[in-house]
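Shown next, in structure tokens, is the structure this report addresses.
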Amino acid sequence: MNPAKLLPKHLSPVNFWLAAAVVAMLLMGTPVYTILTGLLAGPGPYWAHLQRYLLTDYIINSLILVVGTSGLALLWGIPTAWFVSTTRFPGRRMLELLLIMPLSIPTYIMAFTYAGIFDFTGPLHTIIRNIFKVKVVHWDIMNIYGVMIIMSLALFPYVYVIARAAFLTKFRSLIEASQTLGASSTRTFFQVILPVSRPALVAGVTLVSMEVLNDYGAVKYFGIPTFTTGIFRSWFSYEDVQAAVYLSSLLLLFVFMILLIEKRQRGEERFYTSVAAERPLQMVKPNKMKRWIVLVCCVLPVLFGFVIPVIQLAWWSITSYKSVAHIDLFAAVGNSFVLALGTAISCVTVAVLMLFVSRMQDSRIYNLFMKLSTMGYAIPGAVVAIGVLMPFLFIDKQLISMFQNFGDIDPGLILTGTAIGLLFALTVRFLSVAFNPIESGFEKIAYSLDEAASTLQASHLSRLTRVNLPLLKGALGTAGLLVFVDILKELPLTLILRPFNFNTLATRSFELASDEQIAAAAVPSLIIIITGLIPVYLLNALITKRTKK
């Protein structure tokens with residue numbers, strides 16, 4: 001029972017807490033409000049040219065990348081998840097972790113790394129020419145199919161993680177029943193598990209699709225025109241705000257369609273676990289030939305999705321660290337960590353505020369708007385940037401006019417192009433990353449503790465700081481860490497909203513790669529990857545812990 005119903009009137013949640021939570025929710029929805037209201041102003045002068053010559057390419061290329069990358073992610077993710085969940089083979093326990101590690105490599109870093117590897121003067125062609133004395137035809141991967149394969153190698157762990165969790169928990173009893181009836185592992189997979197795992201796989205594909213639509217660095221580097229590159233081009237090259245708004249609205253429509261499909265699929269999911277689901281899953285031990293085939297299938301995505309890129313980046317770092325280990329790199333490291341820490345604190349604070357008020361309220365309307373306000377992660381970074389930049393520009397103009405009325409005072413831009421604006425936009429985008437683990441943490445706290453605190457007439461602040469927060473330490477740490485690492489990898493939003501001469505590890509590595517200084521870009525890229533391995537390890541530990549229960 002919700003304790004809000006049990007409290008005397010004078011102890012019900014004060015208006016301050018509710019008002020603060022509502023204001024936070026309204027602010028988190030700023031990008032969507034801005035894009036929707038911006039459509040009312042009509043298209044800009046560049047829109048007619050864009051619609052006639054470029055829009056078709058944006059739509060087709062975005063669709064090809066979403067469908068192709070998602071399909072390849074399924075091809076990499078489903079078999080590997082099935083094999084490590086049900087089959088005994090050499091190195092299985094190590095591969096359980098290694099198959100998640102490509103998540104630590106952002107798509108744009110993976111893109112320029114493989115571009116350097118496959119370059120005519122790159123290591124691949126050089127080794128073949130010098131060692132094997134063979135004249136090699138240049139393999140050009142700088143096209144939409146190349147970026148599709150590369151992005152799938154970076155993003156397939158989304159499918160792998162969700163599928164593996166489903167195979168080991170929800171479908172454990174089905175697998176055991178099929179094995180008891182004498183069905184082979186292959187037949188069990190195709191006739192039993194694959195059909196019922198559709199909602200879980202759709203959820204994984206949805207995450208892959210969101211990342212593809214959000215990507216700017218990889219498609220920009222490979223010269224593929226998509227919605228995100230079109231938004232950047234409209235805003236920076238043609239200075240047409242309305243064209244950028246219209247493109248953002250179309251991209252939002254793409255996102256909401258994907259989310260609707262995912263929701264419909266997930267809504268059909270009905271699984272009932274039994275006592276058998278609590279037992280460890282019985283692994284199948286195939287013959288020697290099949291074990292090696294399974295091993296090769298699991299090693300290939302790790303090899304191409306993590307090992308080769310990291311080895312290449314490490315080699316480039318060794319050969320170029322002296323040329324980049326100067327004050328600019330240290331400034332980028334400092335900016336990245338300060339920005340990531342500030343955003344993590346901001347996201348955790350807002351999430352705790354909204355969830356604490358939700359715990360004290362019994363309002364479906366409040367909970368609905370709370371969920372809507374945490375959809376920022378589903379919205380591409382370029383759209384969030386445009387949706388935040390427009391109202392900030394308006395507010396700054398009004399502030400400048402107001403100060404000028406009091407004399408010759410020029411406060412400059414307070415929100416636009418400052419750390420404040422960037423921090424706010426990042427909070428909007430990554431709030432849901434912090435929200436989900438904190439929500440799970442609140443759900444584990446018994447309402448009886450709040451009732452006891454209310455009986456002792458504890459204030460709402462005391463109840464939060466002395467009862468709830470101590471019990472949320474693990475969830476708060478997890479939420480903050482996830483946000484921290486995501487901010488280190490974030491590129492498009494930071495590129496648009498960062499202050500002048502403000503570089504992060506992500507923007508610095510992208511700029512160096514864009515200037516064809518790929519070896520120099522390896523050092524900041526490796527720092528991002530090494531930091532990104534921390535949540536990857538925690539994620540694997542969480543899955544392993546759940547399956548042992």
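Scheme for the structure tokens: letters A, B, ... for chains in order shown; per-chain residue numbers from 1; ligand numbers from 1 in order shown.
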
Find the residues around Ala506 (chain A) up to 9 Å (only C-alpha atoms counted), leave out those fewer than 4 positions away in its own chain, and share them as a PDB file with N, CA and C atoms, in the first residue's frame.
ATOM      1  N   ILE A 109      34.676   5.435 -33.063  1.00  0.00           N
ATOM      2  CA  ILE A 109      36.048   4.951 -32.869  1.00  0.00           C
ATOM      3  C   ILE A 109      36.262   3.665 -33.662  1.00  0.00           C
ATOM      4  N   ALA A 332      41.375  17.849 -22.385  1.00  0.00           N
ATOM      5  CA  ALA A 332      40.243  17.041 -22.840  1.00  0.00           C
ATOM      6  C   ALA A 332      39.862  15.993 -21.805  1.00  0.00           C
ATOM      7  N   SER A 336      36.324  16.055 -19.911  1.00  0.00           N
ATOM      8  CA  SER A 336      35.468  14.874 -20.024  1.00  0.00           C
ATOM      9  C   SER A 336      35.038  14.364 -18.655  1.00  0.00           C
ATOM     10  N   LEU A 488      31.265  10.027 -21.432  1.00  0.00           N
ATOM     11  CA  LEU A 488      32.601   9.983 -22.028  1.00  0.00           C
ATOM     12  C   LEU A 488      32.540   9.604 -23.499  1.00  0.00           C
ATOM     13  N   LYS A 489      31.553   8.780 -23.885  1.00  0.00           N
ATOM     14  CA  LYS A 489      31.443   8.317 -25.271  1.00  0.00           C
ATOM     15  C   LYS A 489      30.597   9.230 -26.137  1.00  0.00           C
ATOM     16  N   GLU A 490      29.781  10.093 -25.534  1.00  0.00           N
ATOM     17  CA  GLU A 490      28.806  10.890 -26.279  1.00  0.00           C
ATOM     18  C   GLU A 490      29.485  11.887 -27.210  1.00  0.00           C
ATOM     19  N   LEU A 491      28.996  11.968 -28.470  1.00  0.00           N
ATOM     20  CA  LEU A 491      29.633  12.846 -29.449  1.00  0.00           C
ATOM     21  C   LEU A 491      28.722  13.916 -30.050  1.00  0.00           C
ATOM     22  N   THR A 494      27.465  16.871 -27.780  1.00  0.00           N
ATOM     23  CA  THR A 494      28.576  17.691 -27.301  1.00  0.00           C
ATOM     24  C   THR A 494      29.152  18.554 -28.415  1.00  0.00           C
ATOM     25  N   PHE A 510      37.466  12.454 -32.422  1.00  0.00           N
ATOM     26  CA  PHE A 510      36.757  12.611 -33.695  1.00  0.00           C
ATOM     27  C   PHE A 510      37.419  13.683 -34.560  1.00  0.00           C
ATOM     28  N   GLU A 511      37.820  14.785 -33.964  1.00  0.00           N
ATOM     29  CA  GLU A 511      38.472  15.854 -34.729  1.00  0.00           C
ATOM     30  C   GLU A 511      39.802  15.381 -35.317  1.00  0.00           C
ATOM     31  N   PRO A 524      43.225   9.285 -27.010  1.00  0.00           N
ATOM     32  CA  PRO A 524      41.951   9.561 -26.322  1.00  0.00           C
ATOM     33  C   PRO A 524      40.932   8.453 -26.503  1.00  0.00           C
ATOM     34  N   SER A 525      40.981   7.768 -27.642  1.00  0.00           N
ATOM     35  CA  SER A 525      40.037   6.672 -27.877  1.00  0.00           C
ATOM     36  C   SER A 525      40.263   5.530 -26.894  1.00  0.00           C
ATOM     37  N   ILE A 528      38.791   6.263 -23.492  1.00  0.00           N
ATOM     38  CA  ILE A 528      37.334   6.041 -23.493  1.00  0.00           C
ATOM     39  C   ILE A 528      37.023   4.559 -23.369  1.00  0.00           C
TER      40      ILE A 528
END

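Counting only C-alpha atoms, Phe500 (chain A) has the following residues at most 10 Å away, ignoring those fewer than 6 positions along the same chain: Gly417, Thr418 and Ala419 of chain A.
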
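Excluding Gly91 (chain A) itself and any same-chain residue fewer than 5 positions from it, the protein and nucleic acid residues within 10 Å of it, counting only C-alpha atoms, are Val84, Glu96, Leu295, Cys298 and Val299 of chain A.
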
Next on the checklist: Need the shell around Pro301 (chain A): protein/DNA/RNA residues with any atom at most 9 Å away, counting only C-alpha atoms. Skip same-chain ones fewer than 2 positions apart. Format as JSON, numbers by chain?
Outcome noted: {"A": [76, 77, 80, 99, 102, 153, 156, 297, 298, 299, 303, 304, 305, 306]}

Filtering to N, CA and C atoms, could you give me those residues as a CSV table (one decimal), in the first residue's frame?
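Output below, filename part-v8.csv:
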chain,number,residue,atom,x,y,z
A,76,TRP,N,25.1,-11.8,-35.3
A,76,TRP,CA,26.2,-11.9,-34.4
A,76,TRP,C,25.7,-12.3,-33.0
A,77,GLY,N,24.6,-11.7,-32.5
A,77,GLY,CA,24.2,-11.8,-31.1
A,77,GLY,C,23.5,-13.0,-30.7
A,80,THR,N,25.7,-16.5,-30.6
A,80,THR,CA,26.6,-16.5,-29.5
A,80,THR,C,26.0,-16.6,-28.1
A,99,LEU,N,32.3,-11.2,-25.0
A,99,LEU,CA,31.3,-10.9,-26.0
A,99,LEU,C,30.5,-9.6,-25.7
A,102,PRO,N,32.7,-5.3,-26.8
A,102,PRO,CA,32.5,-4.3,-27.9
A,102,PRO,C,31.7,-3.1,-27.5
A,153,LEU,N,29.3,-4.7,-35.5
A,153,LEU,CA,30.3,-5.3,-34.6
A,153,LEU,C,30.4,-4.5,-33.3
A,156,PHE,N,26.2,-5.3,-31.6
A,156,PHE,CA,25.6,-6.6,-31.4
A,156,PHE,C,25.5,-7.0,-30.0
A,297,CYS,N,32.6,-19.7,-33.9
A,297,CYS,CA,31.4,-18.8,-34.0
A,297,CYS,C,31.4,-17.7,-32.9
A,298,CYS,N,31.9,-18.0,-31.7
A,298,CYS,CA,31.9,-17.1,-30.6
A,298,CYS,C,33.1,-16.2,-30.6
A,299,VAL,N,34.2,-16.7,-31.1
A,299,VAL,CA,35.5,-16.0,-31.1
A,299,VAL,C,35.5,-14.9,-32.2
A,303,LEU,N,36.8,-11.2,-31.9
A,303,LEU,CA,38.1,-10.8,-32.6
A,303,LEU,C,37.9,-9.5,-33.4
A,304,PHE,N,36.8,-9.5,-34.2
A,304,PHE,CA,36.6,-8.3,-35.1
A,304,PHE,C,36.0,-7.1,-34.3
A,305,GLY,N,35.2,-7.4,-33.3
A,305,GLY,CA,34.5,-6.3,-32.6
A,305,GLY,C,35.3,-5.7,-31.4
A,306,PHE,N,36.4,-6.4,-31.0
A,306,PHE,CA,37.1,-5.9,-29.8
A,306,PHE,C,38.6,-6.0,-29.9

Item to check | Selected residue of minimal separation from Arg264 (chain A) among A:Leu497, A:Ala203, A:Val302, A:Ala73, counting only C-alpha atoms | outcome: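 Among A:Leu497, A:Ala203, A:Val302, A:Ala73, it is A:Ala203 that comes nearest to Arg264 (chain A).
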
Item to check | Separation of CA of Leu181 (chain A) from CA of Val202 (chain A), in Å and rounded to one decimal | outcome: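 Pair CA of Leu181 (chain A) / CA of Val202 (chain A) returns 28.6 Å.
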
Just want the 7 Å neighbourhood of Thr86 (chain A), counted on only C-alpha atoms, with same-chain residues fewer than 4 positions away dropped. Output as a compact mmCIF listing (two decimals) with N, CA and C atoms, in the first residue's frame.
# COMPACT_ATOMS: atom_id res chain seq x y z
N TRP A 82 23.15 -18.06 -27.52
CA TRP A 82 22.65 -19.42 -27.37
C TRP A 82 23.78 -20.38 -27.01
N MET A 283 23.95 -27.96 -19.25
CA MET A 283 24.69 -27.65 -20.47
C MET A 283 24.82 -28.89 -21.36
N VAL A 284 24.78 -28.67 -22.67
CA VAL A 284 24.97 -29.73 -23.65
C VAL A 284 26.44 -29.79 -24.02

Next on the checklist: List the spatial neighbours of Leu103 (chain A) as a ChimeraX atom specification - criterion: any atom at most 12 Å away, only C-alpha atoms, same-chain residues fewer than 5 positions off excluded.
Outcome noted: /A:97-98,109-110,151-161,207-208,211,301-302,305-306,485-486,489,528-537,539-540

Could the residues in this selection be saved with N, CA and C atoms as a tab-separated table (two decimals), in the first residue's frame?
chain	number	residue	atom	x	y	z
A	97	LEU	N	32.11	-12.93	-20.99
A	97	LEU	CA	32.48	-11.54	-20.72
A	97	LEU	C	32.98	-10.84	-21.98
A	98	LEU	N	33.84	-11.51	-22.75
A	98	LEU	CA	34.43	-10.88	-23.93
A	98	LEU	C	33.39	-10.46	-24.95
A	109	ILE	N	34.68	5.43	-33.06
A	109	ILE	CA	36.05	4.95	-32.87
A	109	ILE	C	36.26	3.67	-33.66
A	110	MET	N	35.27	2.78	-33.63
A	110	MET	CA	35.37	1.55	-34.42
A	110	MET	C	35.48	1.89	-35.90
A	151	MET	N	29.34	-0.95	-37.58
A	151	MET	CA	28.41	-0.60	-36.50
A	151	MET	C	27.80	-1.85	-35.88
A	152	SER	N	27.56	-2.87	-36.68
A	152	SER	CA	27.00	-4.11	-36.11
A	152	SER	C	27.99	-4.78	-35.18
A	153	LEU	N	29.29	-4.68	-35.48
A	153	LEU	CA	30.30	-5.27	-34.60
A	153	LEU	C	30.36	-4.54	-33.26
A	154	ALA	N	30.07	-3.23	-33.27
A	154	ALA	CA	30.09	-2.46	-32.03
A	154	ALA	C	28.81	-2.60	-31.24
A	155	LEU	N	27.68	-2.89	-31.91
A	155	LEU	CA	26.37	-2.83	-31.26
A	155	LEU	C	25.72	-4.19	-31.02
A	156	PHE	N	26.25	-5.28	-31.60
A	156	PHE	CA	25.60	-6.57	-31.42
A	156	PHE	C	25.49	-7.00	-29.95
A	157	PRO	N	26.39	-6.55	-29.02
A	157	PRO	CA	26.21	-6.97	-27.62
A	157	PRO	C	24.87	-6.59	-27.02
A	158	TYR	N	24.17	-5.56	-27.54
A	158	TYR	CA	22.82	-5.27	-27.05
A	158	TYR	C	21.91	-6.47	-27.24
A	159	VAL	N	21.99	-7.09	-28.41
A	159	VAL	CA	21.20	-8.29	-28.68
A	159	VAL	C	21.71	-9.46	-27.85
A	160	TYR	N	23.02	-9.61	-27.78
A	160	TYR	CA	23.62	-10.72	-27.04
A	160	TYR	C	23.23	-10.70	-25.57
A	161	VAL	N	23.31	-9.53	-24.93
A	161	VAL	CA	23.04	-9.42	-23.50
A	161	VAL	C	21.58	-9.76	-23.20
A	207	LEU	N	17.28	-1.23	-29.24
A	207	LEU	CA	18.44	-0.51	-28.73
A	207	LEU	C	19.47	-0.28	-29.83
A	208	VAL	N	19.69	-1.29	-30.67
A	208	VAL	CA	20.61	-1.14	-31.80
A	208	VAL	C	20.13	-0.04	-32.74
A	211	GLU	N	20.73	3.45	-31.38
A	211	GLU	CA	22.13	3.85	-31.49
A	211	GLU	C	22.50	4.20	-32.93
A	301	PRO	N	33.15	-12.70	-33.55
A	301	PRO	CA	32.69	-11.35	-33.21
A	301	PRO	C	33.55	-10.65	-32.17
A	302	VAL	N	34.15	-11.43	-31.24
A	302	VAL	CA	35.07	-10.83	-30.26
A	302	VAL	C	36.34	-10.35	-30.95
A	305	GLY	N	35.23	-7.41	-33.27
A	305	GLY	CA	34.52	-6.35	-32.58
A	305	GLY	C	35.29	-5.73	-31.43
A	306	PHE	N	36.36	-6.41	-30.97
A	306	PHE	CA	37.09	-5.87	-29.82
A	306	PHE	C	38.60	-6.03	-29.94
A	485	VAL	N	30.08	6.87	-17.80
A	485	VAL	CA	30.72	6.25	-18.96
A	485	VAL	C	30.03	6.65	-20.26
A	486	ASP	N	28.70	6.75	-20.24
A	486	ASP	CA	27.98	7.17	-21.45
A	486	ASP	C	28.37	8.59	-21.87
A	489	LYS	N	31.55	8.78	-23.89
A	489	LYS	CA	31.44	8.32	-25.27
A	489	LYS	C	30.60	9.23	-26.14
A	528	ILE	N	38.79	6.26	-23.49
A	528	ILE	CA	37.33	6.04	-23.49
A	528	ILE	C	37.02	4.56	-23.37
A	529	ILE	N	37.73	3.73	-24.13
A	529	ILE	CA	37.45	2.29	-24.13
A	529	ILE	C	37.77	1.66	-22.78
A	530	ILE	N	38.91	2.01	-22.22
A	530	ILE	CA	39.31	1.44	-20.92
A	530	ILE	C	38.29	1.80	-19.85
A	531	THR	N	37.84	3.05	-19.85
A	531	THR	CA	36.82	3.46	-18.88
A	531	THR	C	35.51	2.73	-19.14
A	532	GLY	N	35.18	2.51	-20.40
A	532	GLY	CA	33.93	1.84	-20.74
A	532	GLY	C	33.89	0.37	-20.37
A	533	LEU	N	35.06	-0.22	-20.09
A	533	LEU	CA	35.09	-1.63	-19.70
A	533	LEU	C	34.53	-1.86	-18.30
A	534	ILE	N	34.49	-0.82	-17.48
A	534	ILE	CA	34.01	-0.98	-16.11
A	534	ILE	C	32.54	-1.41	-16.07
A	535	PRO	N	31.61	-0.67	-16.70
A	535	PRO	CA	30.22	-1.12	-16.67
A	535	PRO	C	29.99	-2.42	-17.42
A	536	VAL	N	30.82	-2.70	-18.42
A	536	VAL	CA	30.71	-3.98	-19.13
A	536	VAL	C	30.96	-5.13	-18.17
A	537	TYR	N	31.98	-5.01	-17.36
A	537	TYR	CA	32.28	-6.04	-16.36
A	537	TYR	C	31.13	-6.17	-15.35
A	539	LEU	N	28.01	-5.39	-15.83
A	539	LEU	CA	26.84	-5.96	-16.51
A	539	LEU	C	26.94	-7.47	-16.59
A	540	ASN	N	28.11	-7.99	-16.92
A	540	ASN	CA	28.30	-9.44	-16.97
A	540	ASN	C	28.13	-10.06	-15.59

Next on the checklist: Need the shell around Lys220 (chain A): protein/DNA/RNA residues with any atom at most 12 Å away, counting only C-alpha atoms. Skip same-chain ones fewer than 3 positions apart. Format as JSON, numbers by chain?
Outcome noted: {"A": [107, 108, 111, 112, 142, 143, 144, 147, 214, 215, 216, 217, 223, 224, 225, 226, 227, 228, 229, 230, 231, 232, 233, 491, 492, 510, 511, 513, 514]}

Checklist entry - Do you have the CA of Thr180 (chain A)-CA of Arg92 (chain A) distance handy? => result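 Computing it gives 23.5 Å between the two atoms.
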